[in-house]
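As stored in entry-v4.txt (compact mmCIF, N, CA and C atoms):
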# COMPACT_ATOMS: atom_id res chain seq x y z
N MET A 1 65.66 104.07 122.94
CA MET A 1 66.78 104.97 123.12
C MET A 1 66.28 106.33 123.63
N GLU A 2 66.97 106.84 124.59
CA GLU A 2 66.60 108.11 125.21
C GLU A 2 66.86 109.26 124.25
N ASN A 3 65.94 110.23 124.18
CA ASN A 3 66.10 111.39 123.33
C ASN A 3 66.87 112.46 124.09
N ARG A 4 68.20 112.46 123.93
CA ARG A 4 69.06 113.40 124.66
C ARG A 4 69.51 114.52 123.74
N PRO A 5 69.70 115.71 124.29
CA PRO A 5 70.21 116.81 123.46
C PRO A 5 71.66 116.54 123.06
N SER A 6 72.06 117.15 121.95
CA SER A 6 73.46 117.06 121.54
C SER A 6 74.32 117.86 122.52
N TRP A 7 75.61 117.63 122.50
CA TRP A 7 76.51 118.41 123.36
C TRP A 7 76.40 119.89 123.03
N ASP A 8 76.32 120.22 121.73
CA ASP A 8 76.18 121.63 121.36
C ASP A 8 74.92 122.24 121.97
N GLN A 9 73.82 121.52 121.89
CA GLN A 9 72.57 122.03 122.47
C GLN A 9 72.70 122.20 123.98
N TYR A 10 73.30 121.22 124.61
CA TYR A 10 73.49 121.25 126.06
C TYR A 10 74.30 122.48 126.48
N PHE A 11 75.44 122.71 125.82
CA PHE A 11 76.30 123.83 126.21
C PHE A 11 75.71 125.18 125.80
N MET A 12 74.93 125.22 124.71
CA MET A 12 74.24 126.46 124.36
C MET A 12 73.18 126.81 125.41
N GLU A 13 72.50 125.80 125.93
CA GLU A 13 71.52 126.06 127.00
C GLU A 13 72.22 126.61 128.23
N ILE A 14 73.39 126.10 128.54
CA ILE A 14 74.15 126.62 129.69
C ILE A 14 74.58 128.06 129.41
N ALA A 15 75.02 128.36 128.20
CA ALA A 15 75.39 129.74 127.85
C ALA A 15 74.20 130.67 128.05
N GLY A 16 73.02 130.21 127.68
CA GLY A 16 71.81 131.01 127.89
C GLY A 16 71.53 131.24 129.36
N LEU A 17 71.74 130.23 130.17
CA LEU A 17 71.55 130.37 131.61
C LEU A 17 72.59 131.34 132.20
N VAL A 18 73.84 131.23 131.75
CA VAL A 18 74.89 132.14 132.22
C VAL A 18 74.54 133.58 131.86
N ALA A 19 73.95 133.78 130.68
CA ALA A 19 73.57 135.14 130.23
C ALA A 19 72.60 135.81 131.18
N THR A 20 71.82 135.02 131.93
CA THR A 20 70.84 135.62 132.85
C THR A 20 71.53 136.37 133.99
N ARG A 21 72.81 136.14 134.20
CA ARG A 21 73.56 136.86 135.23
C ARG A 21 74.04 138.23 134.76
N SER A 22 73.90 138.51 133.47
CA SER A 22 74.36 139.76 132.90
C SER A 22 73.71 140.95 133.57
N THR A 23 74.48 142.02 133.72
CA THR A 23 73.94 143.26 134.27
C THR A 23 73.84 144.35 133.21
N CYS A 24 74.04 143.99 131.95
CA CYS A 24 73.94 144.94 130.85
C CYS A 24 72.49 145.30 130.61
N LEU A 25 72.24 146.57 130.35
CA LEU A 25 70.88 147.04 130.10
C LEU A 25 70.46 146.86 128.64
N ARG A 26 71.43 146.65 127.76
CA ARG A 26 71.15 146.55 126.32
C ARG A 26 70.99 145.12 125.82
N ARG A 27 71.88 144.23 126.25
CA ARG A 27 71.90 142.88 125.70
C ARG A 27 72.50 141.93 126.72
N LYS A 28 71.85 140.82 126.96
CA LYS A 28 72.34 139.81 127.90
C LYS A 28 73.06 138.73 127.11
N VAL A 29 74.36 138.54 127.39
CA VAL A 29 75.18 137.60 126.63
C VAL A 29 75.87 136.64 127.59
N GLY A 30 75.94 135.38 127.19
CA GLY A 30 76.62 134.36 127.98
C GLY A 30 77.64 133.63 127.13
N ALA A 31 78.70 133.14 127.80
CA ALA A 31 79.76 132.39 127.13
C ALA A 31 80.15 131.21 128.01
N VAL A 32 80.44 130.09 127.36
CA VAL A 32 80.91 128.89 128.05
C VAL A 32 82.09 128.35 127.25
N ALA A 33 83.25 128.20 127.90
CA ALA A 33 84.43 127.60 127.28
C ALA A 33 84.45 126.13 127.65
N VAL A 34 84.57 125.27 126.63
CA VAL A 34 84.46 123.82 126.82
C VAL A 34 85.59 123.11 126.07
N ARG A 35 86.15 122.10 126.71
CA ARG A 35 87.09 121.21 126.03
C ARG A 35 86.81 119.80 126.49
N ASP A 36 86.79 118.86 125.58
CA ASP A 36 86.51 117.46 125.90
C ASP A 36 85.20 117.31 126.67
N ASN A 37 84.20 118.08 126.27
CA ASN A 37 82.87 118.07 126.89
C ASN A 37 82.89 118.40 128.38
N ARG A 38 83.88 119.19 128.79
CA ARG A 38 83.99 119.67 130.17
C ARG A 38 83.99 121.19 130.17
N ILE A 39 83.20 121.78 131.05
CA ILE A 39 83.17 123.24 131.16
C ILE A 39 84.45 123.71 131.84
N LEU A 40 85.15 124.63 131.18
CA LEU A 40 86.38 125.18 131.71
C LEU A 40 86.14 126.52 132.40
N SER A 41 85.29 127.35 131.81
CA SER A 41 84.97 128.65 132.40
C SER A 41 83.69 129.17 131.77
N THR A 42 83.11 130.15 132.44
CA THR A 42 81.92 130.82 131.92
C THR A 42 82.11 132.33 132.06
N GLY A 43 81.32 133.07 131.32
CA GLY A 43 81.36 134.52 131.44
C GLY A 43 80.07 135.13 130.96
N TYR A 44 79.76 136.28 131.48
CA TYR A 44 78.59 137.05 131.04
C TYR A 44 79.01 138.50 130.97
N ASN A 45 78.27 139.31 130.24
CA ASN A 45 78.66 140.71 130.09
C ASN A 45 78.19 141.53 131.28
N GLY A 46 79.08 142.39 131.74
CA GLY A 46 78.78 143.25 132.87
C GLY A 46 80.03 143.97 133.35
N ALA A 47 79.83 144.85 134.30
CA ALA A 47 80.93 145.66 134.85
C ALA A 47 81.96 144.78 135.56
N PRO A 48 83.21 145.23 135.60
CA PRO A 48 84.24 144.48 136.33
C PRO A 48 83.89 144.31 137.81
N SER A 49 84.43 143.28 138.40
CA SER A 49 84.20 142.99 139.82
C SER A 49 84.50 144.22 140.67
N GLY A 50 83.59 144.51 141.59
CA GLY A 50 83.77 145.62 142.52
C GLY A 50 83.32 146.96 142.00
N LEU A 51 82.97 147.06 140.72
CA LEU A 51 82.49 148.32 140.16
C LEU A 51 80.97 148.32 140.15
N THR A 52 80.40 149.51 140.15
CA THR A 52 78.95 149.65 140.08
C THR A 52 78.45 149.11 138.75
N HIS A 53 77.38 148.32 138.83
CA HIS A 53 76.83 147.72 137.61
C HIS A 53 75.88 148.71 136.92
N CYS A 54 75.62 148.45 135.68
CA CYS A 54 74.85 149.35 134.82
C CYS A 54 73.44 149.66 135.33
N PRO A 55 72.71 148.70 135.92
CA PRO A 55 71.38 149.08 136.41
C PRO A 55 71.44 150.22 137.44
N GLU A 56 72.53 150.31 138.20
CA GLU A 56 72.68 151.41 139.16
C GLU A 56 73.34 152.63 138.53
N ALA A 57 74.35 152.42 137.69
CA ALA A 57 75.12 153.53 137.12
C ALA A 57 74.47 154.12 135.88
N GLY A 58 73.61 153.36 135.22
CA GLY A 58 73.05 153.80 133.96
C GLY A 58 73.96 153.41 132.81
N CYS A 59 73.45 153.51 131.62
CA CYS A 59 74.19 153.10 130.43
C CYS A 59 74.78 154.32 129.73
N LEU A 60 76.09 154.42 129.78
CA LEU A 60 76.80 155.51 129.12
C LEU A 60 76.53 155.48 127.61
N ARG A 61 76.50 154.30 127.04
CA ARG A 61 76.28 154.17 125.60
C ARG A 61 74.89 154.68 125.20
N ASP A 62 73.90 154.39 126.03
CA ASP A 62 72.55 154.92 125.75
C ASP A 62 72.54 156.44 125.85
N ARG A 63 73.17 156.97 126.91
CA ARG A 63 73.20 158.42 127.09
C ARG A 63 73.88 159.12 125.92
N MET A 64 74.92 158.47 125.37
CA MET A 64 75.67 159.06 124.26
C MET A 64 75.10 158.66 122.89
N LYS A 65 74.04 157.86 122.90
CA LYS A 65 73.38 157.41 121.66
C LYS A 65 74.35 156.68 120.73
N ILE A 66 75.16 155.79 121.30
CA ILE A 66 76.12 155.02 120.52
C ILE A 66 75.45 153.74 120.04
N PRO A 67 75.45 153.51 118.73
CA PRO A 67 74.81 152.30 118.21
C PRO A 67 75.57 151.03 118.62
N SER A 68 74.85 149.94 118.64
CA SER A 68 75.44 148.64 118.93
C SER A 68 76.55 148.35 117.93
N GLY A 69 77.64 147.78 118.43
CA GLY A 69 78.75 147.41 117.56
C GLY A 69 79.78 148.49 117.34
N GLU A 70 79.57 149.67 117.91
CA GLU A 70 80.52 150.77 117.73
C GLU A 70 81.06 151.23 119.08
N ARG A 71 82.28 151.76 119.04
CA ARG A 71 82.91 152.40 120.21
C ARG A 71 82.83 151.54 121.48
N HIS A 72 83.30 150.30 121.38
CA HIS A 72 83.26 149.35 122.50
C HIS A 72 83.93 149.89 123.76
N GLU A 73 84.91 150.76 123.57
CA GLU A 73 85.64 151.28 124.73
C GLU A 73 84.77 152.19 125.61
N LEU A 74 83.67 152.68 125.06
CA LEU A 74 82.78 153.55 125.83
C LEU A 74 81.67 152.74 126.49
N CYS A 75 82.10 151.84 127.34
CA CYS A 75 81.17 150.96 128.06
C CYS A 75 81.86 150.53 129.34
N ARG A 76 81.14 150.49 130.44
CA ARG A 76 81.75 150.05 131.70
C ARG A 76 81.86 148.54 131.79
N GLY A 77 81.18 147.84 130.89
CA GLY A 77 81.14 146.39 130.96
C GLY A 77 82.18 145.70 130.11
N LEU A 78 82.40 144.45 130.48
CA LEU A 78 83.22 143.53 129.69
C LEU A 78 82.27 142.60 128.95
N HIS A 79 82.72 142.09 127.81
CA HIS A 79 81.91 141.13 127.08
C HIS A 79 82.01 139.75 127.72
N ALA A 80 81.03 138.91 127.43
CA ALA A 80 80.97 137.57 128.02
C ALA A 80 82.22 136.75 127.68
N GLU A 81 82.68 136.83 126.43
CA GLU A 81 83.88 136.09 126.02
C GLU A 81 85.09 136.57 126.81
N GLN A 82 85.20 137.87 126.98
CA GLN A 82 86.31 138.44 127.75
C GLN A 82 86.30 137.91 129.17
N ASN A 83 85.13 137.91 129.79
CA ASN A 83 85.03 137.42 131.16
C ASN A 83 85.32 135.93 131.27
N ALA A 84 84.93 135.14 130.28
CA ALA A 84 85.24 133.70 130.30
C ALA A 84 86.75 133.49 130.22
N ILE A 85 87.41 134.24 129.35
CA ILE A 85 88.87 134.13 129.21
C ILE A 85 89.56 134.60 130.49
N ILE A 86 89.11 135.70 131.05
CA ILE A 86 89.71 136.25 132.28
C ILE A 86 89.50 135.30 133.46
N GLN A 87 88.31 134.74 133.59
CA GLN A 87 88.05 133.81 134.70
C GLN A 87 88.95 132.59 134.60
N ALA A 88 89.16 132.09 133.40
CA ALA A 88 90.08 130.96 133.24
C ALA A 88 91.48 131.35 133.69
N ALA A 89 91.92 132.55 133.34
CA ALA A 89 93.25 133.00 133.74
C ALA A 89 93.35 133.17 135.26
N VAL A 90 92.33 133.77 135.86
CA VAL A 90 92.33 134.01 137.31
C VAL A 90 92.46 132.70 138.08
N TYR A 91 91.78 131.66 137.59
CA TYR A 91 91.77 130.39 138.31
C TYR A 91 92.77 129.38 137.75
N GLY A 92 93.61 129.81 136.81
CA GLY A 92 94.66 128.94 136.30
C GLY A 92 94.16 127.78 135.46
N THR A 93 93.10 128.01 134.73
CA THR A 93 92.53 126.96 133.90
C THR A 93 92.94 127.16 132.44
N PRO A 94 93.73 126.25 131.89
CA PRO A 94 94.12 126.39 130.48
C PRO A 94 92.91 126.22 129.56
N ILE A 95 92.77 127.11 128.59
CA ILE A 95 91.62 127.04 127.69
C ILE A 95 92.01 126.87 126.23
N GLY A 96 93.29 126.68 125.96
CA GLY A 96 93.72 126.45 124.58
C GLY A 96 93.00 125.25 124.00
N GLY A 97 92.56 125.37 122.76
CA GLY A 97 91.86 124.28 122.10
C GLY A 97 90.38 124.18 122.47
N ALA A 98 89.87 125.14 123.22
CA ALA A 98 88.47 125.08 123.68
C ALA A 98 87.51 125.51 122.58
N THR A 99 86.29 125.03 122.73
CA THR A 99 85.15 125.53 121.97
C THR A 99 84.43 126.53 122.86
N PHE A 100 84.09 127.68 122.30
CA PHE A 100 83.33 128.70 123.04
C PHE A 100 81.90 128.69 122.53
N TYR A 101 80.98 128.50 123.45
CA TYR A 101 79.55 128.55 123.15
C TYR A 101 79.07 129.93 123.58
N LEU A 102 78.49 130.68 122.63
CA LEU A 102 78.12 132.07 122.86
C LEU A 102 76.67 132.30 122.48
N THR A 103 75.99 133.09 123.28
CA THR A 103 74.61 133.41 122.94
C THR A 103 74.54 134.36 121.75
N ASN A 104 75.63 135.07 121.46
CA ASN A 104 75.67 135.98 120.32
C ASN A 104 77.01 135.84 119.60
N GLN A 105 77.00 136.13 118.33
CA GLN A 105 78.22 136.11 117.53
C GLN A 105 79.22 137.10 118.13
N PRO A 106 80.51 136.76 118.17
CA PRO A 106 81.48 137.67 118.79
C PRO A 106 81.76 138.92 117.95
N CYS A 107 82.16 139.97 118.64
CA CYS A 107 82.59 141.21 117.99
C CYS A 107 84.07 141.05 117.62
N SER A 108 84.62 142.04 116.94
CA SER A 108 86.02 141.96 116.51
C SER A 108 86.98 141.97 117.70
N LEU A 109 86.67 142.72 118.76
CA LEU A 109 87.53 142.70 119.95
C LEU A 109 87.61 141.30 120.54
N CYS A 110 86.47 140.66 120.69
CA CYS A 110 86.45 139.32 121.28
C CYS A 110 87.05 138.29 120.33
N ALA A 111 86.88 138.49 119.02
CA ALA A 111 87.49 137.58 118.05
C ALA A 111 89.01 137.59 118.20
N LYS A 112 89.59 138.76 118.42
CA LYS A 112 91.04 138.84 118.62
C LYS A 112 91.45 138.13 119.90
N MET A 113 90.67 138.28 120.95
CA MET A 113 90.97 137.61 122.22
C MET A 113 90.82 136.10 122.09
N LEU A 114 89.79 135.66 121.38
CA LEU A 114 89.60 134.22 121.17
C LEU A 114 90.77 133.64 120.37
N ALA A 115 91.26 134.40 119.41
CA ALA A 115 92.42 133.95 118.64
C ALA A 115 93.64 133.81 119.55
N ASN A 116 93.89 134.79 120.40
CA ASN A 116 95.05 134.72 121.31
C ASN A 116 94.87 133.67 122.40
N ALA A 117 93.63 133.32 122.71
CA ALA A 117 93.37 132.27 123.71
C ALA A 117 93.46 130.88 123.08
N ASN A 118 93.74 130.82 121.78
CA ASN A 118 93.85 129.56 121.04
C ASN A 118 92.56 128.76 121.02
N ALA A 119 91.43 129.47 120.92
CA ALA A 119 90.15 128.77 120.75
C ALA A 119 90.21 128.02 119.43
N LYS A 120 89.50 126.89 119.36
CA LYS A 120 89.49 126.15 118.09
C LYS A 120 88.15 126.27 117.37
N ARG A 121 87.11 126.60 118.12
CA ARG A 121 85.77 126.62 117.54
C ARG A 121 84.90 127.60 118.33
N VAL A 122 84.02 128.31 117.61
CA VAL A 122 83.05 129.20 118.24
C VAL A 122 81.67 128.83 117.71
N VAL A 123 80.77 128.50 118.63
CA VAL A 123 79.39 128.18 118.28
C VAL A 123 78.53 129.30 118.87
N PHE A 124 77.73 129.95 118.03
CA PHE A 124 76.94 131.08 118.51
C PHE A 124 75.49 130.93 118.09
N ALA A 125 74.60 131.60 118.82
CA ALA A 125 73.17 131.53 118.52
C ALA A 125 72.69 132.83 117.87
N GLY A 126 72.77 133.95 118.58
CA GLY A 126 72.21 135.21 118.11
C GLY A 126 73.16 136.01 117.25
N ASP A 127 72.57 136.87 116.43
CA ASP A 127 73.35 137.71 115.54
C ASP A 127 74.05 138.85 116.26
N TYR A 128 75.19 139.18 115.77
CA TYR A 128 75.93 140.39 116.10
C TYR A 128 76.88 140.54 114.92
N PRO A 129 76.32 140.85 113.74
CA PRO A 129 77.11 140.80 112.52
C PRO A 129 78.31 141.74 112.57
N ASP A 130 79.48 141.16 112.40
CA ASP A 130 80.72 141.92 112.42
C ASP A 130 81.66 141.23 111.44
N GLU A 131 81.75 141.79 110.24
CA GLU A 131 82.56 141.17 109.20
C GLU A 131 84.02 141.05 109.59
N LEU A 132 84.54 142.05 110.31
CA LEU A 132 85.93 141.98 110.74
C LEU A 132 86.15 140.81 111.69
N ALA A 133 85.21 140.59 112.60
CA ALA A 133 85.31 139.46 113.52
C ALA A 133 85.34 138.15 112.76
N GLU A 134 84.47 138.01 111.77
CA GLU A 134 84.43 136.79 110.97
C GLU A 134 85.76 136.59 110.25
N SER A 135 86.32 137.66 109.72
CA SER A 135 87.60 137.59 109.01
C SER A 135 88.74 137.19 109.95
N ILE A 136 88.75 137.76 111.15
CA ILE A 136 89.80 137.45 112.14
C ILE A 136 89.72 135.98 112.53
N LEU A 137 88.52 135.50 112.82
CA LEU A 137 88.36 134.10 113.23
C LEU A 137 88.78 133.16 112.10
N LYS A 138 88.40 133.50 110.88
CA LYS A 138 88.77 132.66 109.74
C LYS A 138 90.29 132.62 109.57
N GLU A 139 90.93 133.78 109.62
CA GLU A 139 92.39 133.84 109.46
C GLU A 139 93.10 133.09 110.58
N ALA A 140 92.52 133.11 111.78
CA ALA A 140 93.12 132.41 112.93
C ALA A 140 92.85 130.91 112.90
N GLY A 141 92.04 130.46 111.93
CA GLY A 141 91.75 129.04 111.84
C GLY A 141 90.72 128.56 112.85
N ILE A 142 89.90 129.49 113.35
CA ILE A 142 88.85 129.16 114.33
C ILE A 142 87.55 128.96 113.57
N ARG A 143 86.95 127.79 113.73
CA ARG A 143 85.67 127.51 113.08
C ARG A 143 84.56 128.31 113.74
N LEU A 144 83.80 129.04 112.95
CA LEU A 144 82.66 129.83 113.42
C LEU A 144 81.41 129.15 112.92
N GLU A 145 80.56 128.70 113.85
CA GLU A 145 79.37 127.95 113.48
C GLU A 145 78.13 128.53 114.16
N ARG A 146 77.11 128.76 113.36
CA ARG A 146 75.82 129.19 113.92
C ARG A 146 75.12 127.96 114.50
N PHE A 147 74.63 128.09 115.72
CA PHE A 147 73.90 127.00 116.35
C PHE A 147 72.49 126.97 115.79
N VAL A 148 72.08 125.82 115.34
CA VAL A 148 70.73 125.63 114.83
C VAL A 148 70.07 124.59 115.70
N ASP A 149 68.99 124.97 116.35
CA ASP A 149 68.25 124.08 117.24
C ASP A 149 67.76 122.85 116.54

What does the file become when written as structure tokens?
Amino acid sequence: MENRPSWDQYFMEIAGLVATRSTCLRRKVGAVAVRDNRILSTGYNGAPSGLTHCPEAGCLRDRMKIPSGERHELCRGLHAEQNAIIQAAVYGTPIGGATFYLTNQPCSLCAKMLANANAKRVVFAGDYPDELAESILKEAGIRLERFVD
């Protein structure tokens, strides 16, 4: 019998590859929305289309000494989950009931968006501890699972 990776491992590897497209100077994050073992959309963190990316513009959050996890609005970039949801909307791809594979645990902003997108499950690898995000996902009935290799 062939030693094949699990679907979770496969999609987490793809999320890691998507993260390499990130233009964030602080953290490279990737997201993959999947339903029925089919990729619906992907996203990575970075500036909106057509705007100057952080390597050229510099990091406002670094200049202002804003710690990770605070004041999300003071950033030119979108989070990977946000971009995955937006890309699905732009291309008319329904994502209700999807599992989101994320290189990092979602923040509270993304948890709210995942709830409104009707995600059913979130699988994440890296830490981004946010108790409010965990609470929102739990209340929304979204399973939050740490990926273990």

Spatial neighbours of Arg76 in chain A, max dist 6.5 Å, all atoms listed in the file, sep filter under 5 positions, as a ChimeraX atom specification: /A:46-48,60

Gap from CA of Thr23 in chain A to CA of Tyr44 in chain A - Å, one decimal: 8.4 Å

Å distance separating atom N of Ala19 in chain A from atom C of Val32 in chain A, one decimal place: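 Atom-to-atom, atom N of Ala19 in chain A to atom C of Val32 in chain A, that is 10.4 Å.
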
Residues near range 95-105 of chain A, anyone? I mean within 5 Å using only N, CA and C atoms, not counting same-chain ones fewer than 4 positions away, as an mmCIF file with N, CA and C atoms, in the coordinates of the input.
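Saved the output as around.cif:
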data_model
loop_
_atom_site.group_PDB
_atom_site.id
_atom_site.type_symbol
_atom_site.label_atom_id
_atom_site.label_comp_id
_atom_site.auth_asym_id
_atom_site.auth_seq_id
_atom_site.Cartn_x
_atom_site.Cartn_y
_atom_site.Cartn_z
ATOM 1 N N GLY A 30 75.940 135.380 127.190
ATOM 2 C CA GLY A 30 76.620 134.360 127.980
ATOM 3 C C GLY A 30 77.640 133.630 127.130
ATOM 4 N N ALA A 31 78.700 133.140 127.800
ATOM 5 C CA ALA A 31 79.760 132.390 127.130
ATOM 6 C C ALA A 31 80.150 131.210 128.010
ATOM 7 N N VAL A 32 80.440 130.090 127.360
ATOM 8 C CA VAL A 32 80.910 128.890 128.050
ATOM 9 C C VAL A 32 82.090 128.350 127.250
ATOM 10 N N ALA A 33 83.250 128.200 127.900
ATOM 11 C CA ALA A 33 84.430 127.600 127.280
ATOM 12 C C ALA A 33 84.450 126.130 127.650
ATOM 13 N N VAL A 34 84.570 125.270 126.630
ATOM 14 C CA VAL A 34 84.460 123.820 126.820
ATOM 15 C C VAL A 34 85.590 123.110 126.070
ATOM 16 N N ARG A 35 86.150 122.100 126.710
ATOM 17 C CA ARG A 35 87.090 121.210 126.030
ATOM 18 C C ARG A 35 86.810 119.800 126.490
ATOM 19 N N ALA A 117 93.630 133.320 122.710
ATOM 20 C CA ALA A 117 93.370 132.270 123.710
ATOM 21 C C ALA A 117 93.460 130.880 123.080
ATOM 22 N N ASN A 118 93.740 130.820 121.780
ATOM 23 C CA ASN A 118 93.850 129.560 121.040
ATOM 24 C C ASN A 118 92.560 128.760 121.020
ATOM 25 N N ALA A 119 91.430 129.470 120.920
ATOM 26 C CA ALA A 119 90.150 128.770 120.750
ATOM 27 C C ALA A 119 90.210 128.020 119.430
ATOM 28 N N LYS A 120 89.500 126.890 119.360
ATOM 29 C CA LYS A 120 89.490 126.150 118.090
ATOM 30 C C LYS A 120 88.150 126.270 117.370
ATOM 31 N N ARG A 121 87.110 126.600 118.120
ATOM 32 C CA ARG A 121 85.770 126.620 117.540
ATOM 33 C C ARG A 121 84.900 127.600 118.330
ATOM 34 N N VAL A 122 84.020 128.310 117.610
ATOM 35 C CA VAL A 122 83.050 129.200 118.240
ATOM 36 C C VAL A 122 81.670 128.830 117.710
ATOM 37 N N VAL A 123 80.770 128.500 118.630
ATOM 38 C CA VAL A 123 79.390 128.180 118.280
ATOM 39 C C VAL A 123 78.530 129.300 118.870
ATOM 40 N N PHE A 124 77.730 129.950 118.030
ATOM 41 C CA PHE A 124 76.940 131.080 118.510
ATOM 42 C C PHE A 124 75.490 130.930 118.090
ATOM 43 N N ALA A 125 74.600 131.600 118.820
ATOM 44 C CA ALA A 125 73.170 131.530 118.520
ATOM 45 C C ALA A 125 72.690 132.830 117.870
ATOM 46 N N GLY A 126 72.770 133.950 118.580
ATOM 47 C CA GLY A 126 72.210 135.210 118.110
ATOM 48 C C GLY A 126 73.160 136.010 117.250
ATOM 49 N N ASP A 127 72.570 136.870 116.430
ATOM 50 C CA ASP A 127 73.350 137.710 115.540
ATOM 51 C C ASP A 127 74.050 138.850 116.260
ATOM 52 N N TYR A 128 75.190 139.180 115.770
ATOM 53 C CA TYR A 128 75.930 140.390 116.100
ATOM 54 C C TYR A 128 76.880 140.540 114.920
#

Edge lengths and centre in Å to one decimal, as JSON, is what I'm after for the box along x, y and z that holds all listed atoms of range 102-120 of chain A once 5 Å is added on each side.
{"center_x": 84.8, "center_y": 134.4, "center_z": 120.1, "size_x": 30.5, "size_y": 26.6, "size_z": 17.2}
